[in-house]
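Quick notes on the structure that follows.
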Amino acid sequence: MNASSQSTIEYLNFIRFQLNRYIPITCLILGSIGHILNILVFTRPLIRTNPCSIYFVSGSIANFISLYVGLITPFLGTYNLDPTQISNILCKIRFYLRYSTITLSTWFILLACIDRLFSTSNNVNIRLWSSIYLTKRIIILATVICFICPYTQVFYCYKVSQGVLCTLTNQTCKLLSEIILLICNSGLPPILMILISILTIRNVKYSNHIVGGSRRRDVQLIRLLFIQVFSFILFGIPITAQKIYSFSTILMIKSSLTIAIDNLINQVSTEISYINNSTIFYTYSLTSKKYRKEVFRILSSLFTRCQNIKIHPIQSIDSARINQNKIIKNIPSESYELNIRNRTEIL
């Protein structure tokens, strides 16, 4: 390896290091605020009665967990504080939770698309499949399946290599991991989302059973869902392309420079997908007036509660002092009356 290639590799590694230092912490801050507000919006009384809103809440929770599992350790690694680089158990748990939660959030978007397809159907029997009762059970079932089936091989395939890096043990594990991620997360689900969204649009166009406020809420939720699907597909294109490239070149013998380039591309595409996960709230806010109104109501309510918390203790203390003074004033008169009564009884 010549000096030019070595300097290029060092420069590429430096870029990866800087990306790990600044991108994860930014996504964590934005994503934490956004997902908390998302959960508050979709659990409001008028919205949470819709099955689609339950999928939105579940997806926000899964994304919230995936952000911390996937991004906190690379950030800590830039300060040599990443525990997954020294512990095999934490290494395995980190990738298991990362893959499971990311896939689960994708499944919830897909299930929300299916729910909207059922709810907009003109067939009454099909619409019955869109219900709170069924949605809660599907979420539980999907969570159990996701945590049991696709990624249990992680506990065998990942380990700390050379005492400094949590990585796959061999090429077979890498091949299996790429195939599962393409099928369960970045490959098949987006295709199904597009097909189901097209069918939903057709149903909405010809639907005649949704009227009044219910129709407006359904249209708003469908619009938000389509925004999320579009954002998911757009930001997922880089990582899908990277997975396909990695899968097709897995048996090739690569130089150190090629490996460094591949690692940088993999990191950039992964962080782009995390940017989508952390900014979906802001996308909703920019594209939906109704959503902005709901957020404003929540923030106003929180502000009012904070003001009440500051005011009520002072009022309670003042009222307690007033009551105490009244009691003290009443004590002499009460004792005087008691003495007069005792003297009367003696006489």
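Following the order of the structure tokens, chains are lettered A, B, ..., residues in each are numbered from 1, and ligands are numbered from 1.
Per DSSP on the backbone, strand (DSSP E or B) in region 52-196 of chain A comprises Tyr158, Lys159, Val160, Ser161, Leu165, Cys166, Thr167 and Leu168 of chain A.
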Write the residues of the selection above to a file with C-alpha atoms, as a PDB file, in the first residue's frame.
```pdb
ATOM      1  CA  TYR A 158     -21.637 -10.618  16.646  1.00  0.00           C
ATOM      2  CA  LYS A 159     -18.689 -10.349  18.994  1.00  0.00           C
ATOM      3  CA  VAL A 160     -15.933  -7.939  20.016  1.00  0.00           C
ATOM      4  CA  SER A 161     -13.081  -8.298  17.528  1.00  0.00           C
ATOM      5  CA  LEU A 165     -14.736  -3.385  17.605  1.00  0.00           C
ATOM      6  CA  CYS A 166     -18.163  -5.027  17.832  1.00  0.00           C
ATOM      7  CA  THR A 167     -18.620  -6.709  14.454  1.00  0.00           C
ATOM      8  CA  LEU A 168     -19.773  -9.816  12.563  1.00  0.00           C
TER       9      LEU A 168
END
```
Cut-off 8 Å: closest region 255-314 of chain A/region 23-36 of chain A atom pairs per residue, using only C-alpha atoms, as a tab-separated table:
```
residue	atom	partner	partner_atom	distance
A:Glu271	CA	A:Ile23	CA	7.4
A:Tyr274	CA	A:Cys27	CA	7.2
A:Ile275	CA	A:Cys27	CA	6.2
A:Asn277	CA	A:Gly31	CA	7.0
A:Ser278	CA	A:Gly31	CA	3.8
A:Thr279	CA	A:Gly31	CA	6.2
A:Ile280	CA	A:Gly34	CA	7.4
A:Phe281	CA	A:Gly34	CA	5.0
A:Tyr282	CA	A:Gly34	CA	7.0
```
Please produce a file of those selected residues containing C-alpha atoms, as a tab-separated table (two decimals), in the first residue's frame.
```
chain	number	residue	atom	x	y	z
A	271	GLU	CA	-27.21	7.86	9.67
A	274	TYR	CA	-31.71	7.71	11.53
A	275	ILE	CA	-32.19	11.32	10.42
A	277	ASN	CA	-36.45	8.56	12.33
A	278	SER	CA	-35.56	11.65	14.34
A	279	THR	CA	-37.21	14.30	12.13
A	280	ILE	CA	-40.61	12.77	11.33
A	281	PHE	CA	-42.28	15.05	13.90
A	282	TYR	CA	-40.87	18.13	12.18
```
Report summary line: In terms of only C-alpha atoms, the residue from A:Ile54, A:Ile148, A:Ile233, A:Ile265 at minimal distance from Tyr133 (chain A) is A:Ile54
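Distance annotation: of A:Asn38, A:Ser60, A:Asn50, A:Gln307, the residue with the minimal separation from Arg116 (chain A) is A:Asn50; atom set is only C-alpha atoms.
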Query raised in the report: If we count only C-alpha atoms, what is near Ile196 (chain A) at a cut-off of 8 Å, once residues fewer than 4 positions away on the same chain are taken out, given as an MDAnalysis selection string?
Result: chainID A and resid 113:114 117 192 200
Write to file, as a PDB file, in the first residue's frame, the residues of the selection just made, with all heavy atoms.
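What landed in selection-v6.pdb:
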```pdb
ATOM      1  N   CYS A 113     -50.603   1.300   7.161  1.00  0.00           N
ATOM      2  CA  CYS A 113     -51.058   1.357   5.764  1.00  0.00           C
ATOM      3  C   CYS A 113     -52.167   0.334   5.517  1.00  0.00           C
ATOM      4  O   CYS A 113     -53.181   0.642   4.864  1.00  0.00           O
ATOM      5  CB  CYS A 113     -49.889   1.092   4.818  1.00  0.00           C
ATOM      6  SG  CYS A 113     -48.642   2.384   4.767  1.00  0.00           S
ATOM      7  N   ILE A 114     -51.972  -0.868   6.029  1.00  0.00           N
ATOM      8  CA  ILE A 114     -52.989  -1.910   5.853  1.00  0.00           C
ATOM      9  C   ILE A 114     -54.278  -1.518   6.559  1.00  0.00           C
ATOM     10  O   ILE A 114     -55.379  -1.719   6.031  1.00  0.00           O
ATOM     11  CB  ILE A 114     -52.456  -3.259   6.387  1.00  0.00           C
ATOM     12  CG1 ILE A 114     -51.252  -3.718   5.557  1.00  0.00           C
ATOM     13  CG2 ILE A 114     -53.548  -4.319   6.361  1.00  0.00           C
ATOM     14  CD1 ILE A 114     -50.550  -4.937   6.117  1.00  0.00           C
ATOM     15  N   LEU A 117     -56.113   0.967   4.534  1.00  0.00           N
ATOM     16  CA  LEU A 117     -56.720   0.294   3.374  1.00  0.00           C
ATOM     17  C   LEU A 117     -58.037  -0.357   3.768  1.00  0.00           C
ATOM     18  O   LEU A 117     -59.048  -0.242   3.051  1.00  0.00           O
ATOM     19  CB  LEU A 117     -55.754  -0.748   2.816  1.00  0.00           C
ATOM     20  CG  LEU A 117     -56.269  -1.590   1.648  1.00  0.00           C
ATOM     21  CD1 LEU A 117     -56.537  -0.724   0.421  1.00  0.00           C
ATOM     22  CD2 LEU A 117     -55.273  -2.700   1.319  1.00  0.00           C
ATOM     23  N   LEU A 192     -44.311  -3.009  -0.427  1.00  0.00           N
ATOM     24  CA  LEU A 192     -45.686  -3.250   0.027  1.00  0.00           C
ATOM     25  C   LEU A 192     -46.378  -1.946   0.411  1.00  0.00           C
ATOM     26  O   LEU A 192     -47.573  -1.762   0.148  1.00  0.00           O
ATOM     27  CB  LEU A 192     -45.669  -4.210   1.221  1.00  0.00           C
ATOM     28  CG  LEU A 192     -45.188  -5.637   0.936  1.00  0.00           C
ATOM     29  CD1 LEU A 192     -45.126  -6.442   2.227  1.00  0.00           C
ATOM     30  CD2 LEU A 192     -46.085  -6.328  -0.087  1.00  0.00           C
ATOM     31  N   THR A 200     -55.168   2.383  -1.235  1.00  0.00           N
ATOM     32  CA  THR A 200     -55.872   3.249  -0.277  1.00  0.00           C
ATOM     33  C   THR A 200     -56.360   4.519  -0.952  1.00  0.00           C
ATOM     34  O   THR A 200     -57.490   4.983  -0.697  1.00  0.00           O
ATOM     35  CB  THR A 200     -54.955   3.589   0.906  1.00  0.00           C
ATOM     36  OG1 THR A 200     -54.505   2.378   1.528  1.00  0.00           O
ATOM     37  CG2 THR A 200     -55.691   4.429   1.936  1.00  0.00           C
TER      38      THR A 200
END
```
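Taking only C-alpha atoms into account, Arg137 (chain A) lies nearest to A:Tyr55 out of the set A:Val295, A:Ser248, A:Tyr55, A:Ser121.
CA of Trp129 (chain A) is found 7.6 Å from CA of Asp115 (chain A).
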Report task. Select from region 93-273 of chain A everything DSSP, run on the backbone, classes as alpha helix (DSSP H), then give the selection as a PyMOL selection string. Result -> chain A and resi 93-119+124-127+132-148+154-157+171-181+188-206+212-248+256-273
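The environment of region 2-6 of chain A within 9 Å, counting only C-alpha atoms and disregarding residues fewer than 4 places along the same chain, consists of Glu10, Tyr11, Ser256 and Leu257 of chain A.
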**Report entry** Residue with smallest distance to Tyr291 (chain A) - pool A:Lys243, A:Arg305, A:Arg44, A:Lys92, counting only C-alpha atoms
**Finding:** A:Arg44
Report task. Using CA of Trp107 (chain A) and CA of Thr120 (chain A) as the two end points, give the distance in Å to one decimal. Result -> 20.0 Å
Report task. Identify, on the basis of only C-alpha atoms, every residue whose closest approach to Thr78 (chain A) does not exceed 8 Å; exclude the query and any residue fewer than 2 positions from it along the same chain; express the result as a list in words. Result -> Phe17, Asn20, Arg21, Pro74, Phe75, Leu76, Asn80 and Leu81 of chain A
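Minimum distance to Lys289 (chain A) across A:Ile89, A:Leu302, A:Ile191, A:Leu224 (counting only C-alpha atoms) occurs at A:Leu224.
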